[in-house]
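Colleague: model.cif (mmCIF, C-alpha atoms and all ligand atoms) pasted underneath:
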data_input
loop_
_atom_site.group_PDB
_atom_site.id
_atom_site.type_symbol
_atom_site.label_atom_id
_atom_site.label_comp_id
_atom_site.auth_asym_id
_atom_site.auth_seq_id
_atom_site.Cartn_x
_atom_site.Cartn_y
_atom_site.Cartn_z
ATOM 1 C CA MET O 1 44.741 71.854 88.617
ATOM 2 C CA THR O 2 44.374 68.228 87.566
ATOM 3 C CA ALA O 3 44.804 65.279 89.909
ATOM 4 C CA ALA O 4 48.074 64.556 88.095
ATOM 5 C CA GLY O 5 49.163 68.149 88.699
ATOM 6 C CA GLN O 6 48.682 67.591 92.466
ATOM 7 C CA GLY O 7 51.039 64.588 92.353
ATOM 8 C CA ILE O 8 48.177 62.045 92.474
ATOM 9 C CA VAL O 9 48.470 59.306 89.854
ATOM 10 C CA PRO O 10 45.135 59.135 87.972
ATOM 11 C CA LEU O 11 43.493 55.710 88.231
ATOM 12 C CA ASN O 12 43.368 55.001 84.492
ATOM 13 C CA LEU O 13 41.889 51.542 83.891
ATOM 14 C CA VAL O 14 40.760 49.270 81.084
ATOM 15 C CA PHE O 15 38.132 46.590 81.794
ATOM 16 C CA LEU O 16 38.636 43.731 79.324
ATOM 17 C CA GLY O 17 36.722 40.485 78.927
ATOM 18 C CA PRO O 18 34.170 38.598 76.867
ATOM 19 C CA PRO O 19 30.634 39.891 76.300
ATOM 20 C CA GLY O 20 28.571 39.261 79.424
ATOM 21 C CA ALA O 21 31.562 39.086 81.793
ATOM 22 C CA GLY O 22 30.105 41.851 83.990
ATOM 23 C CA LYS O 23 32.407 44.697 82.891
ATOM 24 C CA GLY O 24 29.581 47.239 82.709
ATOM 25 C CA THR O 25 27.985 46.140 86.000
ATOM 26 C CA GLN O 26 31.263 46.483 87.895
ATOM 27 C CA ALA O 27 32.504 49.593 86.054
ATOM 28 C CA ARG O 28 29.383 51.579 86.991
ATOM 29 C CA ARG O 29 29.765 50.797 90.689
ATOM 30 C CA PHE O 30 33.547 51.167 90.865
ATOM 31 C CA ALA O 31 33.631 54.498 88.976
ATOM 32 C CA VAL O 32 31.101 56.027 91.395
ATOM 33 C CA CYS O 33 33.000 54.691 94.465
ATOM 34 C CA ARG O 34 36.306 56.122 93.255
ATOM 35 C CA GLY O 35 34.965 59.320 91.635
ATOM 36 C CA ILE O 36 36.470 58.530 88.218
ATOM 37 C CA GLY O 37 35.000 58.602 84.704
ATOM 38 C CA HIS O 38 33.181 55.592 83.242
ATOM 39 C CA ILE O 39 33.455 55.359 79.471
ATOM 40 C CA SER O 40 31.420 52.565 77.923
ATOM 41 C CA THR O 41 31.941 52.592 74.164
ATOM 42 C CA GLY O 42 28.871 50.348 73.791
ATOM 43 C CA ASP O 43 26.733 52.938 75.647
ATOM 44 C CA ILE O 44 28.169 55.800 73.571
ATOM 45 C CA LEU O 45 27.264 53.969 70.349
ATOM 46 C CA ARG O 46 23.779 52.977 71.597
ATOM 47 C CA GLU O 47 23.066 56.600 72.610
ATOM 48 C CA ALA O 48 24.245 57.778 69.180
ATOM 49 C CA ARG O 49 21.886 55.270 67.532
ATOM 50 C CA THR O 50 18.950 56.442 69.613
ATOM 51 C CA ALA O 51 19.760 60.072 68.772
ATOM 52 C CA GLY O 52 20.063 59.153 65.063
ATOM 53 C CA THR O 53 23.466 60.857 64.667
ATOM 54 C CA PRO O 54 25.831 59.988 61.755
ATOM 55 C CA LEU O 55 27.921 57.927 64.236
ATOM 56 C CA GLY O 56 24.828 56.015 65.344
ATOM 57 C CA ARG O 57 23.747 55.334 61.752
ATOM 58 C CA GLU O 58 27.237 54.121 60.843
ATOM 59 C CA ALA O 59 27.513 51.865 63.919
ATOM 60 C CA HIS O 60 24.014 50.335 63.731
ATOM 61 C CA GLY O 61 24.632 47.502 61.236
ATOM 62 C CA PHE O 62 27.886 46.423 62.892
ATOM 63 C CA MET O 63 26.258 46.326 66.335
ATOM 64 C CA VAL O 64 23.149 44.389 65.345
ATOM 65 C CA ARG O 65 25.314 41.739 63.667
ATOM 66 C CA GLY O 66 27.664 41.561 66.663
ATOM 67 C CA GLU O 67 30.600 42.878 64.604
ATOM 68 C CA LEU O 68 33.108 45.535 65.652
ATOM 69 C CA VAL O 69 32.697 49.138 64.590
ATOM 70 C CA PRO O 70 35.896 50.016 62.607
ATOM 71 C CA ASP O 71 38.971 51.210 64.510
ATOM 72 C CA VAL O 72 39.102 54.348 62.382
ATOM 73 C CA VAL O 73 35.765 55.406 63.948
ATOM 74 C CA MET O 74 36.440 54.204 67.518
ATOM 75 C CA CYS O 75 40.003 55.452 68.173
ATOM 76 C CA PRO O 76 39.466 59.215 67.632
ATOM 77 C CA LEU O 77 36.121 59.040 69.454
ATOM 78 C CA VAL O 78 37.759 57.623 72.600
ATOM 79 C CA ALA O 79 40.821 59.909 72.400
ATOM 80 C CA GLU O 80 38.459 62.898 72.433
ATOM 81 C CA ARG O 81 36.255 61.525 75.246
ATOM 82 C CA LEU O 82 39.300 61.010 77.504
ATOM 83 C CA LYS O 83 39.853 64.792 77.561
ATOM 84 C CA ALA O 84 36.571 65.375 79.453
ATOM 85 C CA PRO O 85 36.805 66.758 83.015
ATOM 86 C CA ASP O 86 35.280 63.617 84.594
ATOM 87 C CA CYS O 87 38.476 61.731 83.594
ATOM 88 C CA ALA O 88 40.884 64.081 85.426
ATOM 89 C CA LYS O 89 41.173 61.726 88.447
ATOM 90 C CA GLY O 90 41.118 58.622 86.268
ATOM 91 C CA PHE O 91 38.774 56.590 84.099
ATOM 92 C CA ILE O 92 37.499 53.132 83.347
ATOM 93 C CA LEU O 93 37.396 52.229 79.680
ATOM 94 C CA ASP O 94 34.653 49.589 79.426
ATOM 95 C CA GLY O 95 34.641 47.949 75.977
ATOM 96 C CA PHE O 96 37.725 49.718 74.594
ATOM 97 C CA PRO O 97 40.261 48.673 73.384
ATOM 98 C CA ARG O 98 38.869 45.648 71.538
ATOM 99 C CA THR O 99 41.637 45.188 68.970
ATOM 100 C CA VAL O 100 45.424 45.463 69.204
ATOM 101 C CA PRO O 101 45.425 48.602 66.979
ATOM 102 C CA GLN O 102 42.921 50.157 69.442
ATOM 103 C CA GLY O 103 45.278 49.222 72.317
ATOM 104 C CA THR O 104 48.216 50.851 70.540
ATOM 105 C CA ALA O 105 46.185 53.970 69.714
ATOM 106 C CA LEU O 106 45.144 54.287 73.376
ATOM 107 C CA GLU O 107 48.754 53.982 74.536
ATOM 108 C CA GLU O 108 49.829 56.664 72.060
ATOM 109 C CA SER O 109 47.053 59.090 72.947
ATOM 110 C CA LEU O 110 47.773 58.711 76.679
ATOM 111 C CA SER O 111 51.524 59.065 76.341
ATOM 112 C CA ALA O 112 51.065 62.171 74.160
ATOM 113 C CA ARG O 113 49.488 63.738 77.282
ATOM 114 C CA GLY O 114 52.083 62.338 79.709
ATOM 115 C CA ALA O 115 49.543 59.810 81.041
ATOM 116 C CA ARG O 116 49.504 56.018 81.244
ATOM 117 C CA LEU O 117 47.275 53.096 82.186
ATOM 118 C CA VAL O 118 47.490 51.849 85.767
ATOM 119 C CA ALA O 119 46.021 48.432 84.916
ATOM 120 C CA CYS O 120 43.988 46.383 82.507
ATOM 121 C CA VAL O 121 41.529 44.298 84.522
ATOM 122 C CA TYR O 122 40.856 41.028 82.720
ATOM 123 C CA PHE O 123 37.397 39.631 83.518
ATOM 124 C CA ASP O 124 38.176 35.955 83.004
ATOM 125 C CA MET O 125 35.102 33.781 82.532
ATOM 126 C CA ALA O 126 33.940 30.600 80.794
ATOM 127 C CA VAL O 127 32.045 31.166 77.553
ATOM 128 C CA ASP O 128 28.983 29.104 78.541
ATOM 129 C CA VAL O 129 28.449 31.331 81.604
ATOM 130 C CA ALA O 130 28.674 34.431 79.371
ATOM 131 C CA VAL O 131 26.015 33.059 77.021
ATOM 132 C CA ARG O 132 23.658 32.332 79.940
ATOM 133 C CA ARG O 133 24.142 35.789 81.425
ATOM 134 C CA LEU O 134 23.514 37.597 78.135
ATOM 135 C CA ALA O 135 20.416 35.556 77.371
ATOM 136 C CA GLY O 136 18.958 36.625 80.745
ATOM 137 C CA ARG O 137 19.992 40.296 80.638
ATOM 138 C CA LEU O 138 17.335 43.015 80.721
ATOM 139 C CA THR O 139 18.190 46.697 80.411
ATOM 140 C CA CYS O 140 16.394 49.938 81.251
ATOM 141 C CA ALA O 141 16.785 53.156 79.258
ATOM 142 C CA CYS O 142 18.091 54.761 82.510
ATOM 143 C CA GLY O 143 21.141 52.470 82.311
ATOM 144 C CA ARG O 144 20.224 50.073 85.138
ATOM 145 C CA MET O 145 20.733 46.399 84.296
ATOM 146 C CA TYR O 146 18.986 43.255 85.499
ATOM 147 C CA ASN O 147 19.323 39.562 84.994
ATOM 148 C CA LEU O 148 16.382 37.169 84.984
ATOM 149 C CA ASP O 149 18.489 34.485 86.722
ATOM 150 C CA THR O 150 20.819 36.406 89.013
ATOM 151 C CA ALA O 151 19.441 39.929 89.547
ATOM 152 C CA PRO O 152 15.730 40.106 88.621
ATOM 153 C CA PRO O 153 13.696 43.319 89.046
ATOM 154 C CA SER O 154 11.233 43.420 91.985
ATOM 155 C CA LYS O 155 8.318 43.799 89.544
ATOM 156 C CA ALA O 156 8.484 41.815 86.287
ATOM 157 C CA GLY O 157 9.377 43.990 83.284
ATOM 158 C CA ALA O 158 9.806 47.262 85.235
ATOM 159 C CA CYS O 159 12.910 49.066 86.464
ATOM 160 C CA ASP O 160 13.254 49.262 90.268
ATOM 161 C CA ALA O 161 14.967 52.655 89.986
ATOM 162 C CA CYS O 162 12.720 54.587 87.543
ATOM 163 C CA GLY O 163 9.772 52.279 86.723
ATOM 164 C CA GLY O 164 10.740 52.278 83.025
ATOM 165 C CA ALA O 165 9.983 49.276 80.785
ATOM 166 C CA LEU O 166 12.832 46.760 80.617
ATOM 167 C CA PHE O 167 13.980 45.488 77.230
ATOM 168 C CA GLN O 168 16.387 42.975 75.734
ATOM 169 C CA ARG O 169 19.327 44.401 73.766
ATOM 170 C CA GLU O 170 19.138 43.647 70.032
ATOM 171 C CA ASP O 171 22.572 42.013 70.157
ATOM 172 C CA ASP O 172 21.513 39.685 73.000
ATOM 173 C CA ARG O 173 19.646 37.440 70.536
ATOM 174 C CA PRO O 174 21.277 33.973 70.285
ATOM 175 C CA GLU O 175 22.833 34.425 66.809
ATOM 176 C CA ALA O 176 24.300 37.842 67.700
ATOM 177 C CA ILE O 177 25.634 36.484 71.018
ATOM 178 C CA ARG O 178 27.386 33.673 69.131
ATOM 179 C CA ARG O 179 28.875 36.147 66.658
ATOM 180 C CA ARG O 180 30.088 38.485 69.442
ATOM 181 C CA LEU O 181 31.889 35.598 71.131
ATOM 182 C CA VAL O 182 33.598 34.602 67.859
ATOM 183 C CA VAL O 183 34.608 38.236 67.289
ATOM 184 C CA TYR O 184 35.945 38.409 70.854
ATOM 185 C CA GLU O 185 38.125 35.343 70.322
ATOM 186 C CA ALA O 186 39.374 36.560 66.936
ATOM 187 C CA ASN O 187 40.082 40.216 67.780
ATOM 188 C CA THR O 188 39.984 41.000 71.465
ATOM 189 C CA ARG O 189 41.529 38.071 73.320
ATOM 190 C CA ALA O 190 44.964 39.051 71.910
ATOM 191 C CA LEU O 191 44.840 42.086 74.193
ATOM 192 C CA VAL O 192 45.278 39.788 77.218
ATOM 193 C CA GLU O 193 48.832 39.047 76.026
ATOM 194 C CA PHE O 194 49.306 42.667 74.905
ATOM 195 C CA TYR O 195 48.733 43.898 78.482
ATOM 196 C CA ARG O 196 50.447 40.919 80.145
ATOM 197 C CA GLY O 197 53.575 41.800 78.128
ATOM 198 C CA ARG O 198 53.414 45.329 79.580
ATOM 199 C CA ASN O 199 52.962 44.080 83.178
ATOM 200 C CA GLN O 200 49.599 45.838 83.302
ATOM 201 C CA LEU O 201 47.292 42.804 83.405
ATOM 202 C CA VAL O 202 45.249 42.105 86.547
ATOM 203 C CA ARG O 203 43.135 38.937 86.272
ATOM 204 C CA ILE O 204 39.954 38.482 88.256
ATOM 205 C CA ASP O 205 37.506 35.577 88.364
ATOM 206 C CA ALA O 206 34.450 37.126 86.669
ATOM 207 C CA GLY O 207 32.446 33.910 87.051
ATOM 208 C CA ALA O 208 32.021 34.554 90.789
ATOM 209 C CA GLU O 209 28.908 36.233 92.206
ATOM 210 C CA MET O 210 28.616 40.015 91.865
ATOM 211 C CA SER O 211 29.682 40.987 95.405
ATOM 212 C CA ALA O 212 32.695 38.659 95.236
ATOM 213 C CA VAL O 213 33.765 40.262 91.929
ATOM 214 C CA SER O 214 33.392 43.759 93.477
ATOM 215 C CA GLU O 215 35.544 42.710 96.458
ATOM 216 C CA ALA O 216 38.183 41.200 94.166
ATOM 217 C CA LEU O 217 38.363 44.498 92.261
ATOM 218 C CA GLU O 218 38.786 46.501 95.474
ATOM 219 C CA ARG O 219 41.610 44.202 96.577
ATOM 220 C CA ALA O 220 43.335 44.191 93.192
ATOM 221 C CA LEU O 221 43.373 47.934 92.441
ATOM 222 C CA PRO O 222 45.307 50.689 94.218
ATOM 223 C CA ARG O 223 43.450 52.773 96.816
ATOM 224 C CA PRO O 224 43.614 56.581 96.762
HETATM 225 P P1 LIG M 301 29.311 46.544 74.560
HETATM 226 O O1 LIG M 301 28.106 47.241 75.032
HETATM 227 O O2 LIG M 301 30.643 46.976 75.041
HETATM 228 O O3 LIG M 301 29.094 44.988 74.792
HETATM 229 P P2 LIG M 301 30.067 43.832 75.328
HETATM 230 O O4 LIG M 301 31.525 44.153 75.455
HETATM 231 O O5 LIG M 301 29.739 42.722 74.425
HETATM 232 O O6 LIG M 301 29.750 43.696 76.756
HETATM 233 P P3 LIG M 301 28.338 43.532 77.397
HETATM 234 O O7 LIG M 301 27.768 44.904 77.655
HETATM 235 O O8 LIG M 301 27.486 42.613 76.594
HETATM 236 O O9 LIG M 301 28.722 42.741 78.714
HETATM 237 P P4 LIG M 301 29.370 43.204 80.079
HETATM 238 O O10 LIG M 301 30.688 42.511 80.255
HETATM 239 O O11 LIG M 301 29.372 44.693 80.231
HETATM 240 O O12 LIG M 301 28.375 42.500 81.094
HETATM 241 P P5 LIG M 301 27.195 43.154 81.969
HETATM 242 O O13 LIG M 301 27.801 43.921 83.102
HETATM 243 O O14 LIG M 301 26.218 43.837 81.089
HETATM 244 O O15 LIG M 301 29.403 46.617 72.954
HETATM 245 C C1 LIG M 301 28.278 46.371 72.135
HETATM 246 C C2 LIG M 301 28.675 46.518 70.654
HETATM 247 O O16 LIG M 301 29.159 47.864 70.400
HETATM 248 C C3 LIG M 301 29.817 45.609 70.180
HETATM 249 O O17 LIG M 301 29.366 44.325 69.832
HETATM 250 C C4 LIG M 301 30.336 46.410 68.970
HETATM 251 O O18 LIG M 301 29.493 46.277 67.861
HETATM 252 C C5 LIG M 301 30.242 47.844 69.451
HETATM 253 N N1 LIG M 301 31.471 48.312 70.139
HETATM 254 C C6 LIG M 301 31.576 48.705 71.439
HETATM 255 N N2 LIG M 301 32.843 49.047 71.740
HETATM 256 C C7 LIG M 301 33.555 48.867 70.581
HETATM 257 C C8 LIG M 301 34.936 49.037 70.255
HETATM 258 N N3 LIG M 301 35.836 49.445 71.169
HETATM 259 N N4 LIG M 301 35.316 48.743 69.005
HETATM 260 C C9 LIG M 301 34.437 48.315 68.082
HETATM 261 N N5 LIG M 301 33.121 48.129 68.316
HETATM 262 C C10 LIG M 301 32.676 48.404 69.562
HETATM 263 O O19 LIG M 301 26.549 41.817 82.565
HETATM 264 C C11 LIG M 301 25.839 40.904 81.726
HETATM 265 C C12 LIG M 301 24.670 40.292 82.499
HETATM 266 O O20 LIG M 301 25.176 39.501 83.574
HETATM 267 C C13 LIG M 301 23.746 41.319 83.168
HETATM 268 O O21 LIG M 301 22.431 40.819 83.111
HETATM 269 C C14 LIG M 301 24.219 41.384 84.632
HETATM 270 O O22 LIG M 301 23.159 41.696 85.514
HETATM 271 C C15 LIG M 301 24.721 39.950 84.850
HETATM 272 N N6 LIG M 301 25.876 39.864 85.735
HETATM 273 C C16 LIG M 301 26.953 40.708 85.788
HETATM 274 N N7 LIG M 301 27.842 40.277 86.695
HETATM 275 C C17 LIG M 301 27.343 39.138 87.234
HETATM 276 C C18 LIG M 301 27.818 38.212 88.223
HETATM 277 N N8 LIG M 301 29.001 38.370 88.831
HETATM 278 N N9 LIG M 301 27.042 37.149 88.524
HETATM 279 C C19 LIG M 301 25.853 36.936 87.900
HETATM 280 N N10 LIG M 301 25.328 37.779 86.972
HETATM 281 C C20 LIG M 301 26.078 38.861 86.627
#
Turn this file's structure into structure tokens for me.
Modeller:
Amino acid sequence: MTAAGQGIVPLNLVFLGPPGAGKGTQARRFAVCRGIGHISTGDILREARTAGTPLGREAHGFMVRGELVPDVVMCPLVAERLKAPDCAKGFILDGFPRTVPQGTALEESLSARGARLVACVYFDMAVDVAVRRLAGRLTCACGRMYNLDTAPPSKAGACDACGGALFQREDDRPEAIRRRLVVYEANTRALVEFYRGRNQLVRIDAGAEMSAVSEALERALPRP
């Protein structure tokens, strides 16, 4: 029986905000704490690229340039992923929706299953802070993330968790960062009003330090 079948409302969430706002950092922690699914569309696409699948080959050029992968690719991919068992008690969509048509498609695919979003958490942050964070971000293949300014690894260049070599994401180069921010303003920011109009928007100050952002999330979202 699903959580919904037991009368528990699944904690279905969207994390929305500019590149570098800390959506992935917070989503990983919060999903584990609450036992819900974490769906990062960026991670799905990066894994597909590494595996060399048709999806990965199609997404590659868009991602390197900091452009959006077309809605026609993203919407069915997410609708399918939401059916996985790890989403039965709820999910965090991290990086989706990114356009109003993606937001509408999500609403339709949830309502077709009698489900709905509990909230869209808007990670509100100044653009210059986002640029600084992305320029300092280092990633490990195991998924752990670091920041040269705010969360450096204990040993330079190596992951604290698995010892793997840390690398900079291709789209964290200055020109791709600039493009991603332009694309965010042009396509994604409209979703703030989309969710505000549905009374689903929860704003948090994403410019605060990591533990303060985690506490704000705990306060803002319903407890089991
Ligand atoms: P994606 O991977 O989703 O990238 P993004 O949305 O640009 O977000 P980021 O991962 O860059 O930032 P974040 O907010 O998760 O911040 P993070 O926690 O890492 O997408 C990549 C690409 O895939 C897109 O450009 C597009 O091409 C494609 N794509 C994905 N989804 C798509 C969709 N739906 N439609 C179309 N195309 C799609 O934190 C950043 C840094 O800051 C880290 O170093 C971290 O350690 C540090 N940090 C985090 N929080 C704090 C804090 N509070 N204080 C100080 N430092 C902090």
Colleague: For Ala84 (chain O), find every residue with an atom within 12 Å (counting all atoms listed in the file), except residues of its own chain fewer than 4 positions away, and show them as a list of chain:residue names.
Modeller: O:Thr2, O:Ile36, O:Gly37, O:His38, O:Ile39, O:Leu77, O:Val78, O:Ala79, O:Glu80, O:Ala88, O:Lys89, O:Gly90, O:Phe91
Colleague: Determine, counting all atoms listed in the file, which protein, DNA and RNA residues have an atom within 12 Å of an atom of Glu209 (chain O); residues of the same chain fewer than 6 positions away are not included. Present the result as a short mmCIF file (atom, residue, chain, number, x, y, z; two decimals) with C-alpha atoms, in the frame of the given file.
Modeller:
data_model
loop_
_atom_site.label_atom_id
_atom_site.label_comp_id
_atom_site.auth_asym_id
_atom_site.auth_seq_id
_atom_site.Cartn_x
_atom_site.Cartn_y
_atom_site.Cartn_z
CA ALA O 21 31.56 39.09 81.79
CA GLY O 22 30.10 41.85 83.99
CA THR O 25 27.98 46.14 86.00
CA GLN O 26 31.26 46.48 87.90
CA MET O 125 35.10 33.78 82.53
CA VAL O 129 28.45 31.33 81.60
CA ARG O 133 24.14 35.79 81.42
CA ASP O 149 18.49 34.48 86.72
CA THR O 150 20.82 36.41 89.01
CA ALA O 151 19.44 39.93 89.55
CA GLU O 215 35.54 42.71 96.46
CA ALA O 216 38.18 41.20 94.17
#
Colleague: What separation in Å, quoted to one decimal, exists between atom O17 of ligand LIG 301 (chain M) and CA of Pro76 (chain O)?
Modeller: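 So the two atoms, atom O17 of ligand LIG 301 (chain M) and CA of Pro76 (chain O), lie 18.1 Å apart.
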Colleague: Have a look at CA of Ala212 (chain O) and CA of Ile92 (chain O) and let me know their distance in Å, one decimal.
Modeller: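 Computing it gives 19.3 Å between the two atoms.
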Colleague: Give the answer as one residue: which of O:Pro97, O:Gly114, O:Pro70, O:Gly20 has the shortest atom-to-atom distance to Asn147 (chain O), using all atoms listed in the file?
Modeller: O:Gly20
Colleague: Neighbours of Thr99 (chain O) within 7 Å (only C-alpha atoms; same-chain residues fewer than 6 positions away dropped), as a list in words?
Modeller: Asn187, Thr188 and Leu191 of chain O
Colleague: With distances taken over only C-alpha atoms and all ligand atoms, which residue among O:Arg196, O:His60, O:Arg28, O:Arg137 lies nearest ligand LIG 301 (chain M)?
Modeller: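 Of all the options, O:Arg137 lies closest to ligand LIG 301 (chain M).
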Colleague: Restore N, CA and C atoms in region 37-59 of chain O and list the result as a CSV table (one decimal), in the coordinates of the input.
Modeller:
chain,number,residue,atom,x,y,z
O,37,GLY,N,35.9,58.7,85.9
O,37,GLY,CA,35.0,58.6,84.7
O,37,GLY,C,34.7,57.2,84.3
O,38,HIS,N,33.5,56.9,83.8
O,38,HIS,CA,33.2,55.6,83.2
O,38,HIS,C,32.9,55.8,81.8
O,39,ILE,N,33.7,55.2,80.9
O,39,ILE,CA,33.5,55.4,79.5
O,39,ILE,C,33.1,54.0,78.9
O,40,SER,N,31.8,53.8,78.6
O,40,SER,CA,31.4,52.6,77.9
O,40,SER,C,31.2,52.9,76.4
O,41,THR,N,32.1,52.3,75.6
O,41,THR,CA,31.9,52.6,74.2
O,41,THR,C,30.6,52.0,73.6
O,42,GLY,N,30.2,50.9,74.2
O,42,GLY,CA,28.9,50.3,73.8
O,42,GLY,C,27.8,51.3,74.1
O,43,ASP,N,27.8,52.0,75.3
O,43,ASP,CA,26.7,52.9,75.6
O,43,ASP,C,26.8,54.2,74.7
O,44,ILE,N,28.0,54.6,74.4
O,44,ILE,CA,28.2,55.8,73.6
O,44,ILE,C,27.5,55.5,72.2
O,45,LEU,N,27.8,54.3,71.7
O,45,LEU,CA,27.3,54.0,70.3
O,45,LEU,C,25.7,53.8,70.4
O,46,ARG,N,25.3,53.2,71.5
O,46,ARG,CA,23.8,53.0,71.6
O,46,ARG,C,23.1,54.3,71.7
O,47,GLU,N,23.7,55.3,72.5
O,47,GLU,CA,23.1,56.6,72.6
O,47,GLU,C,23.1,57.3,71.3
O,48,ALA,N,24.2,57.1,70.5
O,48,ALA,CA,24.2,57.8,69.2
O,48,ALA,C,23.2,57.2,68.2
O,49,ARG,N,22.9,55.9,68.4
O,49,ARG,CA,21.9,55.3,67.5
O,49,ARG,C,20.5,55.8,67.9
O,50,THR,N,20.3,55.9,69.2
O,50,THR,CA,19.0,56.4,69.6
O,50,THR,C,18.8,57.9,69.1
O,51,ALA,N,19.8,58.7,69.2
O,51,ALA,CA,19.8,60.1,68.8
O,51,ALA,C,19.8,60.2,67.3
O,52,GLY,N,20.1,59.1,66.5
O,52,GLY,CA,20.1,59.2,65.1
O,52,GLY,C,21.2,60.0,64.5
O,53,THR,N,22.3,60.1,65.2
O,53,THR,CA,23.5,60.9,64.7
O,53,THR,C,24.2,60.1,63.6
O,54,PRO,N,25.1,60.7,62.8
O,54,PRO,CA,25.8,60.0,61.8
O,54,PRO,C,26.6,58.8,62.4
O,55,LEU,N,27.2,59.0,63.6
O,55,LEU,CA,27.9,57.9,64.2
O,55,LEU,C,27.0,56.8,64.5
O,56,GLY,N,25.8,57.1,65.0
O,56,GLY,CA,24.8,56.0,65.3
O,56,GLY,C,24.4,55.3,64.1
O,57,ARG,N,24.2,56.0,63.0
O,57,ARG,CA,23.7,55.3,61.8
O,57,ARG,C,24.9,54.4,61.2
O,58,GLU,N,26.1,54.9,61.3
O,58,GLU,CA,27.2,54.1,60.8
O,58,GLU,C,27.4,52.9,61.7
O,59,ALA,N,27.2,53.0,63.0
O,59,ALA,CA,27.5,51.9,63.9
O,59,ALA,C,26.4,50.8,63.9
